[in-house]
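As provided, protein05.tsv (TSV, C-alpha atoms) reads as follows.
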chain	number	residue	atom	x	y	z
L	1	MET	CA	-14.32	123.86	39.35
L	2	PRO	CA	-17.55	122.16	40.38
L	3	ASP	CA	-19.39	120.96	37.32
L	4	GLU	CA	-21.45	123.61	35.57
L	5	ILE	CA	-23.18	120.91	33.60
L	6	GLY	CA	-25.10	119.90	36.70
L	7	GLY	CA	-25.83	123.54	37.43
L	8	PHE	CA	-29.42	123.08	38.54
L	9	ASP	CA	-30.41	124.74	41.74
L	10	LEU	CA	-32.55	122.68	43.98
L	11	SER	CA	-35.52	124.90	44.59
L	12	PRO	CA	-36.84	124.45	48.10
L	13	GLY	CA	-40.01	122.82	46.89
L	14	HIS	CA	-38.25	120.15	44.82
L	15	SER	CA	-37.35	117.21	47.00
L	16	GLU	CA	-40.28	116.78	49.34
L	17	GLU	CA	-39.28	113.17	49.42
L	18	GLU	CA	-36.04	112.21	51.09
L	19	ALA	CA	-33.51	110.22	49.11
L	20	HIS	CA	-33.48	106.55	49.97
L	21	VAL	CA	-30.15	104.81	50.28
L	22	LEU	CA	-29.48	101.11	50.53
L	23	ALA	CA	-26.33	100.54	52.59
L	24	VAL	CA	-24.58	97.17	52.50
L	25	ASP	CA	-21.86	96.23	55.01
L	26	ASP	CA	-21.13	93.08	56.98
L	27	SER	CA	-19.62	95.09	59.86
L	28	LEU	CA	-22.11	96.04	62.54
L	29	VAL	CA	-20.00	99.01	63.62
L	30	ASP	CA	-19.76	100.33	60.07
L	31	ARG	CA	-23.46	99.84	59.42
L	32	LYS	CA	-24.28	101.92	62.45
L	33	VAL	CA	-21.91	104.67	61.38
L	34	ILE	CA	-23.00	104.81	57.75
L	35	GLU	CA	-26.63	104.79	58.80
L	36	ARG	CA	-26.09	107.79	61.04
L	37	LEU	CA	-24.02	109.61	58.43
L	38	LEU	CA	-26.80	109.16	55.89
L	39	LYS	CA	-29.62	110.07	58.25
L	40	ILE	CA	-27.87	113.22	59.36
L	41	SER	CA	-27.59	114.05	55.66
L	42	SER	CA	-31.36	113.75	55.36
L	43	CYS	CA	-31.54	110.37	53.69
L	44	LYS	CA	-33.78	107.45	54.43
L	45	VAL	CA	-31.64	104.40	55.01
L	46	THR	CA	-32.05	100.67	54.66
L	47	ALA	CA	-28.97	98.90	55.99
L	48	VAL	CA	-28.33	95.23	55.24
L	49	ASP	CA	-25.47	92.97	56.17
L	50	SER	CA	-24.76	91.14	52.93
L	51	GLY	CA	-24.88	91.31	49.15
L	52	ARG	CA	-27.43	88.53	49.20
L	53	ARG	CA	-29.78	90.52	51.41
L	54	ALA	CA	-29.25	93.56	49.23
L	55	LEU	CA	-30.33	91.60	46.17
L	56	GLN	CA	-33.32	90.28	48.07
L	57	PHE	CA	-34.30	93.80	49.01
L	58	LEU	CA	-33.98	94.95	45.42
L	59	GLY	CA	-35.92	91.99	44.13
L	60	LEU	CA	-32.95	90.80	42.09
L	61	ASP	CA	-32.70	87.37	43.61
L	62	GLU	CA	-34.84	84.40	42.68
L	63	GLU	CA	-37.35	85.06	45.43
L	64	LYS	CA	-38.62	88.31	43.90
L	65	ASN	CA	-39.63	89.40	47.35
L	66	SER	CA	-38.67	92.98	46.99
L	67	ALA	CA	-39.54	96.05	48.96
L	68	ALA	CA	-38.43	98.00	45.94
L	69	LEU	CA	-41.10	96.35	43.86
L	70	ASP	CA	-43.57	97.70	46.38
L	71	GLY	CA	-42.75	101.16	45.10
L	72	LEU	CA	-40.00	102.02	47.55
L	73	LYS	CA	-37.44	103.66	45.29
L	74	VAL	CA	-33.72	103.37	45.83
L	75	ASP	CA	-31.69	106.44	44.92
L	76	LEU	CA	-28.25	105.19	45.82
L	77	ILE	CA	-26.60	101.94	46.80
L	78	ILE	CA	-23.50	102.14	48.94
L	79	THR	CA	-21.66	98.93	49.61
L	80	ASP	CA	-18.56	97.66	51.31
L	81	TYR	CA	-16.15	95.88	49.00
L	82	CYS	CA	-14.83	93.11	51.27
L	83	MET	CA	-17.71	91.01	52.49
L	84	PRO	CA	-17.98	87.26	53.03
L	85	GLY	CA	-20.11	85.47	50.46
L	86	MET	CA	-20.70	88.10	47.83
L	87	THR	CA	-18.20	90.92	47.54
L	88	GLY	CA	-19.27	94.49	46.85
L	89	TYR	CA	-17.81	94.11	43.39
L	90	GLU	CA	-19.99	91.08	42.65
L	91	LEU	CA	-23.00	92.96	43.99
L	92	LEU	CA	-22.14	95.90	41.75
L	93	LYS	CA	-22.05	93.64	38.72
L	94	LYS	CA	-25.41	92.11	39.53
L	95	ILE	CA	-26.94	95.54	39.95
L	96	LYS	CA	-25.53	96.78	36.66
L	97	GLU	CA	-26.80	93.66	34.92
L	98	SER	CA	-30.34	94.28	36.08
L	99	SER	CA	-32.78	96.27	34.03
L	100	THR	CA	-34.46	97.78	37.07
L	101	PHE	CA	-31.40	99.10	38.88
L	102	ARG	CA	-28.63	99.54	36.35
L	103	GLU	CA	-29.17	103.31	36.40
L	104	THR	CA	-29.01	103.52	40.18
L	105	PRO	CA	-25.69	104.97	41.31
L	106	VAL	CA	-23.56	102.50	43.23
L	107	VAL	CA	-20.74	103.60	45.49
L	108	ILE	CA	-18.11	101.23	46.82
L	109	MET	CA	-16.41	101.59	50.21
L	110	SER	CA	-13.20	99.89	51.14
L	111	SER	CA	-10.64	100.09	53.90
L	112	GLU	CA	-7.98	99.25	51.36
L	113	ASN	CA	-6.52	101.76	49.02
L	114	ILE	CA	-5.80	99.51	46.05
L	115	LEU	CA	-5.62	101.15	42.65
L	116	THR	CA	-6.55	98.08	40.64
L	117	ARG	CA	-9.55	97.53	42.88
L	118	ILE	CA	-10.69	101.11	42.45
L	119	ASP	CA	-10.23	100.91	38.68
L	120	ARG	CA	-12.09	97.65	38.43
L	121	CYS	CA	-15.06	99.03	40.31
L	122	LEU	CA	-15.23	102.22	38.31
L	123	GLU	CA	-14.95	100.27	35.07
L	124	GLU	CA	-17.85	98.13	36.16
L	125	GLY	CA	-19.91	101.29	36.57
L	126	ALA	CA	-19.47	102.32	40.17
L	127	GLU	CA	-20.13	105.99	40.68
L	128	ASP	CA	-17.42	106.51	43.26
L	129	PHE	CA	-15.06	104.71	45.56
L	130	ILE	CA	-14.70	105.80	49.17
L	131	VAL	CA	-11.75	104.79	51.29
L	132	LYS	CA	-12.84	103.97	54.82
L	133	PRO	CA	-13.30	105.23	57.43
L	134	VAL	CA	-16.24	107.08	55.95
L	135	LYS	CA	-16.58	110.71	56.97
L	136	LEU	CA	-19.41	113.18	56.80
L	137	SER	CA	-17.74	114.99	53.91
L	138	ASP	CA	-17.79	111.74	51.90
L	139	VAL	CA	-21.52	111.33	52.44
L	140	LYS	CA	-22.25	114.95	51.67
L	141	ARG	CA	-20.65	114.44	48.27
L	142	LEU	CA	-22.83	111.41	47.62
L	143	LYS	CA	-25.91	113.59	47.69
L	144	ASP	CA	-24.70	115.17	44.49
L	145	TYR	CA	-25.00	111.83	42.68
L	146	MET	CA	-28.52	111.39	43.83
L	147	THR	CA	-29.77	114.79	42.77
L	148	ARG	CA	-27.68	114.97	39.61
L	149	GLU	CA	-28.79	111.55	38.47
L	150	ASP	CA	-32.38	112.64	38.88
L	151	ARG	CA	-31.86	115.54	36.53
L	152	ASP	CA	-29.24	114.44	34.08
L	153	GLY	CA	-29.71	110.72	33.82
L	154	ASN	CA	-26.66	109.34	32.05
L	155	GLU	CA	-24.97	112.64	31.46
L	156	GLY	CA	-23.85	113.01	35.05
L	157	ARG	CA	-22.16	109.65	35.07
L	158	GLY	CA	-20.64	110.28	31.71
L	159	ILE	CA	-18.78	113.27	33.08
L	160	ASN	CA	-17.18	111.12	35.76
L	161	LYS	CA	-16.04	108.50	33.30
L	162	ARG	CA	-14.54	111.08	30.99
L	163	LYS	CA	-12.59	112.67	33.81
L	164	LEU	CA	-11.36	109.25	34.81
L	165	GLY	CA	-10.18	108.61	31.27
L	166	GLU	CA	-8.17	111.80	31.27
L	167	ALA	CA	-6.34	111.14	34.48
L	168	CYS	CA	-6.30	107.54	35.56
L	169	ASP	CA	-2.65	107.62	36.53
L	170	VAL	CA	-1.96	108.59	40.07
L	171	SER	CA	-1.44	112.30	39.84
L	172	PRO	CA	-2.17	115.17	42.18
L	173	SER	CA	-4.47	116.91	39.70
L	174	PHE	CA	-6.80	113.96	39.68
L	175	SER	CA	-7.76	114.40	43.27
L	176	SER	CA	-9.00	117.88	42.51
L	177	SER	CA	-11.88	116.55	40.42
L	178	PRO	CA	-14.74	116.72	42.89
L	179	PRO	CA	-17.13	114.14	41.45
L	180	SER	CA	-14.65	111.27	41.34
L	181	ILE	CA	-12.52	109.39	43.83
L	182	SER	CA	-12.82	110.25	47.47
L	183	SER	CA	-9.83	112.42	48.04
L	184	SER	CA	-10.18	113.57	51.61
L	185	SER	CA	-7.44	112.72	54.07
L	186	SER	CA	-7.35	109.22	52.66
L	187	SER	CA	-6.46	110.25	49.12
L	188	TRP	CA	-5.07	107.33	47.21
L	189	SER	CA	-2.77	109.53	45.22
L	190	ALA	CA	-0.91	110.80	48.26
L	191	PRO	CA	-0.99	108.14	50.92
L	192	SER	CA	-0.63	109.62	54.34
L	193	SER	CA	-3.41	107.81	56.15
L	194	PRO	CA	-2.87	104.75	58.31
L	195	THR	CA	-3.95	102.45	55.50
L	196	SER	CA	-0.88	103.45	53.52
L	197	LEU	CA	1.23	101.38	55.89
L	198	ASP	CA	-0.16	98.32	54.17
L	199	SER	CA	1.85	97.22	51.22
L	200	PRO	CA	-0.66	97.24	48.36
L	201	THR	CA	1.10	94.67	46.22
L	202	ARG	CA	1.49	92.22	49.08
L	203	ARG	CA	-2.11	92.79	50.00
L	204	LEU	CA	-3.13	91.69	46.50
L	205	LYS	CA	-1.51	88.31	46.90
L	206	THR	CA	-3.11	87.28	50.14
L	207	SER	CA	-6.12	89.52	50.45
L	208	THR	CA	-9.05	87.50	51.64
L	209	CYS	CA	-11.24	89.05	49.02
L	210	ASP	CA	-10.04	89.94	45.58
D	1	MET	CA	-21.98	125.33	88.85
D	2	ASP	CA	-18.25	125.30	89.66
D	3	GLY	CA	-18.23	121.52	89.88
D	4	VAL	CA	-19.62	121.22	86.38
D	5	VAL	CA	-17.04	123.60	84.95
D	6	GLN	CA	-14.28	121.59	86.58
D	7	LEU	CA	-15.65	118.34	85.22
D	8	GLN	CA	-15.96	119.83	81.76
D	9	ARG	CA	-12.35	121.01	81.95
D	10	GLN	CA	-11.33	117.54	83.07
D	11	LEU	CA	-13.16	115.96	80.16
D	12	LEU	CA	-11.57	118.24	77.60
D	13	ASP	CA	-8.10	117.70	79.03
D	14	TYR	CA	-8.59	113.97	79.17
D	15	THR	CA	-9.85	113.79	75.63
D	16	ALA	CA	-6.95	115.93	74.40
D	17	LEU	CA	-4.52	113.60	76.14
D	18	LEU	CA	-6.03	110.55	74.46
D	19	PHE	CA	-5.49	112.20	71.11
D	20	GLN	CA	-1.95	113.22	71.98
D	21	GLU	CA	-1.08	109.71	73.09
D	22	GLY	CA	-2.47	108.31	69.86
D	23	PHE	CA	-5.28	106.29	71.40
D	24	LEU	CA	-7.86	108.17	69.38
D	25	ASN	CA	-7.73	109.96	66.06
D	26	ASP	CA	-9.89	112.33	64.05
D	27	GLN	CA	-12.41	109.65	63.21
D	28	PHE	CA	-13.52	109.69	66.85
D	29	THR	CA	-14.16	113.41	66.52
D	30	GLN	CA	-16.20	112.67	63.41
D	31	LEU	CA	-18.41	110.38	65.47
D	32	GLN	CA	-18.81	112.98	68.20
D	33	GLN	CA	-20.02	115.42	65.58
D	34	LEU	CA	-22.74	113.00	64.58
D	35	GLN	CA	-24.19	113.12	68.08
D	36	ASP	CA	-26.94	115.57	68.90
D	37	GLU	CA	-30.16	115.95	70.88
D	38	THR	CA	-31.95	113.53	68.55
D	39	ASN	CA	-29.17	110.99	68.99
D	40	PRO	CA	-27.55	111.77	72.35
D	41	ASP	CA	-26.05	108.31	72.87
D	42	PHE	CA	-24.66	107.74	69.43
D	43	VAL	CA	-20.98	107.58	70.37
D	44	VAL	CA	-21.57	105.29	73.34
D	45	GLU	CA	-23.69	103.02	71.15
D	46	VAL	CA	-21.12	102.73	68.39
D	47	VAL	CA	-18.29	102.22	70.83
D	48	SER	CA	-20.29	99.53	72.63
D	49	LEU	CA	-20.72	97.71	69.35
D	50	PHE	CA	-17.00	98.04	68.82
D	51	PHE	CA	-16.31	96.50	72.25
D	52	GLU	CA	-18.61	93.54	71.57
D	53	ASP	CA	-17.22	93.02	68.11
D	54	SER	CA	-13.62	93.24	69.27
D	55	GLU	CA	-14.06	90.83	72.11
D	56	ARG	CA	-15.60	88.31	69.75
D	57	LEU	CA	-12.76	88.76	67.27
D	58	LEU	CA	-10.05	88.51	69.92
D	59	ASN	CA	-11.54	85.23	71.07
D	60	GLU	CA	-11.66	83.92	67.53
D	61	LEU	CA	-8.07	84.99	67.00
D	62	ALA	CA	-6.91	83.19	70.12
D	63	ASN	CA	-8.70	80.04	68.95
D	64	THR	CA	-7.45	80.20	65.39
D	65	LEU	CA	-3.87	80.74	66.49
D	66	ASP	CA	-4.13	77.91	68.97
D	67	GLN	CA	-4.62	75.28	66.30
D	68	GLN	CA	-1.98	72.71	65.37
D	69	SER	CA	-2.08	73.88	61.82
D	70	ILE	CA	-2.85	77.58	61.68
D	71	ASP	CA	-5.18	78.83	58.99
D	72	PHE	CA	-3.52	82.18	58.28
D	73	ARG	CA	-6.22	83.29	55.91
D	74	LYS	CA	-8.69	82.92	58.72
D	75	VAL	CA	-6.44	84.84	61.08
D	76	ASP	CA	-6.05	87.53	58.46
D	77	SER	CA	-9.80	87.75	57.98
D	78	HIS	CA	-10.39	88.34	61.69
D	79	VAL	CA	-7.61	90.92	61.90
D	80	HIS	CA	-9.01	92.64	58.83
D	81	GLN	CA	-12.36	92.98	60.57
D	82	LEU	CA	-10.77	94.27	63.74
D	83	LYS	CA	-8.72	96.75	61.77
D	84	GLY	CA	-11.88	97.94	60.05
D	85	SER	CA	-13.93	98.51	63.13
D	86	SER	CA	-11.12	100.13	65.10
D	87	SER	CA	-10.54	102.43	62.16
D	88	SER	CA	-14.22	103.33	62.05
D	89	ILE	CA	-14.26	104.53	65.63
D	90	GLY	CA	-10.83	106.12	65.55
D	91	ALA	CA	-9.03	103.65	67.81
D	92	GLN	CA	-5.69	104.44	66.21
D	93	ARG	CA	-3.34	102.28	68.26
D	94	VAL	CA	-5.48	99.17	67.89
D	95	GLN	CA	-5.66	99.84	64.18
D	96	ASN	CA	-1.87	100.19	63.93
D	97	VAL	CA	-1.22	96.86	65.61
D	98	CYS	CA	-3.69	95.26	63.19
D	99	ILE	CA	-1.64	96.54	60.28
D	100	ALA	CA	1.51	94.90	61.64
D	101	PHE	CA	-0.52	91.82	62.48
D	102	ARG	CA	-1.68	91.43	58.88
D	103	ASN	CA	1.90	91.62	57.66
D	104	PHE	CA	2.79	88.70	59.90
D	105	CYS	CA	-0.22	86.80	58.53
D	106	ASP	CA	1.01	87.42	55.01
D	107	ALA	CA	4.38	86.02	56.00
D	108	GLN	CA	2.71	83.11	57.83
D	109	ASN	CA	4.83	84.00	60.82
D	110	THR	CA	3.31	82.28	63.86
D	111	GLU	CA	5.51	83.91	66.44
D	112	GLY	CA	4.91	87.32	64.98
D	113	CYS	CA	1.18	86.70	65.00
D	114	LEU	CA	1.17	85.56	68.59
D	115	LYS	CA	3.12	88.65	69.62
D	116	CYS	CA	0.67	90.84	67.75
D	117	LEU	CA	-2.26	89.11	69.36
D	118	GLN	CA	-0.83	89.98	72.75
D	119	GLN	CA	-0.18	93.53	71.65
D	120	VAL	CA	-3.62	94.04	70.18
D	121	LYS	CA	-5.22	92.65	73.33
D	122	ASN	CA	-3.23	95.16	75.36
D	123	GLU	CA	-4.08	98.09	73.14
D	124	TYR	CA	-7.71	97.10	73.08
D	125	SER	CA	-7.78	96.87	76.85
D	126	LEU	CA	-6.17	100.26	77.19
D	127	VAL	CA	-8.50	102.05	74.79
D	128	LYS	CA	-11.51	100.35	76.32
D	129	ASN	CA	-10.50	101.58	79.73
D	130	LYS	CA	-9.89	105.07	78.52
D	131	LEU	CA	-13.14	105.32	76.63
D	132	GLU	CA	-15.05	104.05	79.65
D	133	THR	CA	-13.38	106.71	81.75
D	134	LEU	CA	-14.32	109.31	79.16
D	135	PHE	CA	-17.94	108.19	79.15
D	136	LYS	CA	-18.04	108.22	82.94
D	137	LEU	CA	-16.86	111.81	82.94
D	138	GLU	CA	-19.60	112.68	80.47
D	139	GLN	CA	-22.18	111.00	82.68
D	140	GLN	CA	-20.97	112.94	85.69
D	141	ILE	CA	-21.29	116.20	83.82
D	142	LEU	CA	-24.82	115.37	82.68
D	143	ALA	CA	-25.80	114.23	86.17
D	144	ALA	CA	-24.56	117.53	87.56
D	145	GLY	CA	-26.82	119.34	85.12
D	146	GLY	CA	-24.12	120.37	82.68
D	147	SER	CA	-23.71	119.68	78.98
D	148	ILE	CA	-20.92	117.90	77.15
D	149	PRO	CA	-18.37	120.36	75.78
D	150	MET	CA	-17.19	119.69	72.25
Transcribe the structure of this file into structure tokens.
Amino acid sequence: MPDEIGGFDLSPGHSEEEAHVLAVDDSLVDRKVIERLLKISSCKVTAVDSGRRALQFLGLDEEKNSAALDGLKVDLIITDYCMPGMTGYELLKKIKESSTFRETPVVIMSSENILTRIDRCLEEGAEDFIVKPVKLSDVKRLKDYMTREDRDGNEGRGINKRKLGEACDVSPSFSSSPPSISSSSSSWSAPSSPTSLDSPTRRLKTSTCD
Amino acid sequence: MDGVVQLQRQLLDYTALLFQEGFLNDQFTQLQQLQDETNPDFVVEVVSLFFEDSERLLNELANTLDQQSIDFRKVDSHVHQLKGSSSSIGAQRVQNVCIAFRNFCDAQNTEGCLKCLQQVKNEYSLVKNKLETLFKLEQQILAAGGSIPM
């Protein structure tokens, strides 16, 4: 049952301003795709190719040369997990440590369906975890975080964490909670997508980014 | 407009075949659905990026596997990238070889890796060819005044 707590209708006059999303991915192909997915979902997009550049954009690096400081708000940050230099997880931590952006929802994307990775990101405050390849349905769900956060502030996020607490074991019922883990065809509780051919435990040992 | 109808039929049949043979999967369809009048070349653009990216990675892979002492983490990193981009455009068979490839990297199996490199080059070549054929068909339809059927 979609959350009643959110329950606010977006009256047509409400969001005159489009949501602005910062997308972070080192893959050129993926940046192009996520950019299109977001634009088609009526978002403004800034796409950068590294965690470092993301921090620069947000004004969270030493340079303090931030577009965000110029009044350009960021409603959502979506980042790839595996990136050279700074991983998406490290970027997430830096964002959550900042006073300016700790309330901004952060979503992690990863091609790898690793439970410990997902848990770690959610524990660090990520709003959601999307298993790649990213689909339109994934992005459509993200819009909920952006509007809900506007209205509810912490309450929205609190709901997610509580649901996670109730069902953090892999169980079919978990995937029916809409606001949480991406559970489209790449559901991590019922692997049937190509990524399931990877052996998760072996991946952990030699994965190029932990 | 008979010619256009025939070409459109051809395109649909060809596309269906590519799906049946496993060259493409649903993710490709996802990309097609993101294309519209405001972005009429989206699929071609993404696929072109994929071609460039893949060719770069295949070269890197050949180099890395050619070394006296192979850095398997480096090999794995390249394959991981190739797996990612092929997955993002729905190039299923390329993606599948990458999965096997990574397992050989884990095992530090040189022979296995070399075999996979050959395989992934073949699969890449095949899907590239097929996508180029598909795009040509689309161009022909547009040139004849028709629209791309979905």
Handout entry: Separation of atom CA of Ala91 of chain D from atom CA of Ile34 of chain L, in Å and rounded to one decimal
Key =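 That distance, rounded to one decimal, is 17.3 Å.
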Practice task
Place a sphere of radius 12 Å on (-5.5, 111.7, 68.0) in the file coordinates and name every protein, DNA or RNA residue with an atom inside or on its surface, counting all atoms listed in the file; give the answer as an MDAnalysis selection string.
Solution key: chainID D and resid 14:30 89:93
Practice task
To one decimal in Å, tell me the separation between atom CA of Ser50 of chain L and atom CA of Gln95 of chain D.
Solution key: 23.8 Å
Handout entry: Pick from L:Val107, L:Ala23, L:Val134, L:Cys121, whichever lies nearest to Ser88 of chain D using only C-alpha atoms
Key = L:Val134
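Atom CA of Val94 of chain D is positioned 15.6 Å from atom CA of Ser48 of chain D.
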Exercise for the section: Would you mind listing what lies within 10 Å of Glu90 of chain L as a ChimeraX atom specification, with all atoms listed in the file counted and same-chain residues fewer than 6 positions away left out? Expected result: /L:51,81,96,121,124
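Excluding Gln119 of chain D and any residue on its chain fewer than 6 positions from it, the residues at most 10 Å away by only C-alpha atoms are Arg93, Val94, Val97, Cys98, Phe101, Cys113 and Ser125 of chain D.
Among the candidates L:Leu136, L:Thr104, L:Cys82, L:Met146, the one nearest to Arg117 of chain L when counting all atoms listed in the file is L:Cys82.
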Exercise for the section: Give me the residues within 9 Å of Met150 of chain D as a VMD selection string, counting all atoms listed in the file and dropping any in the same chain fewer than 5 places off. Expected result: chain D and resid 12 32 to 33
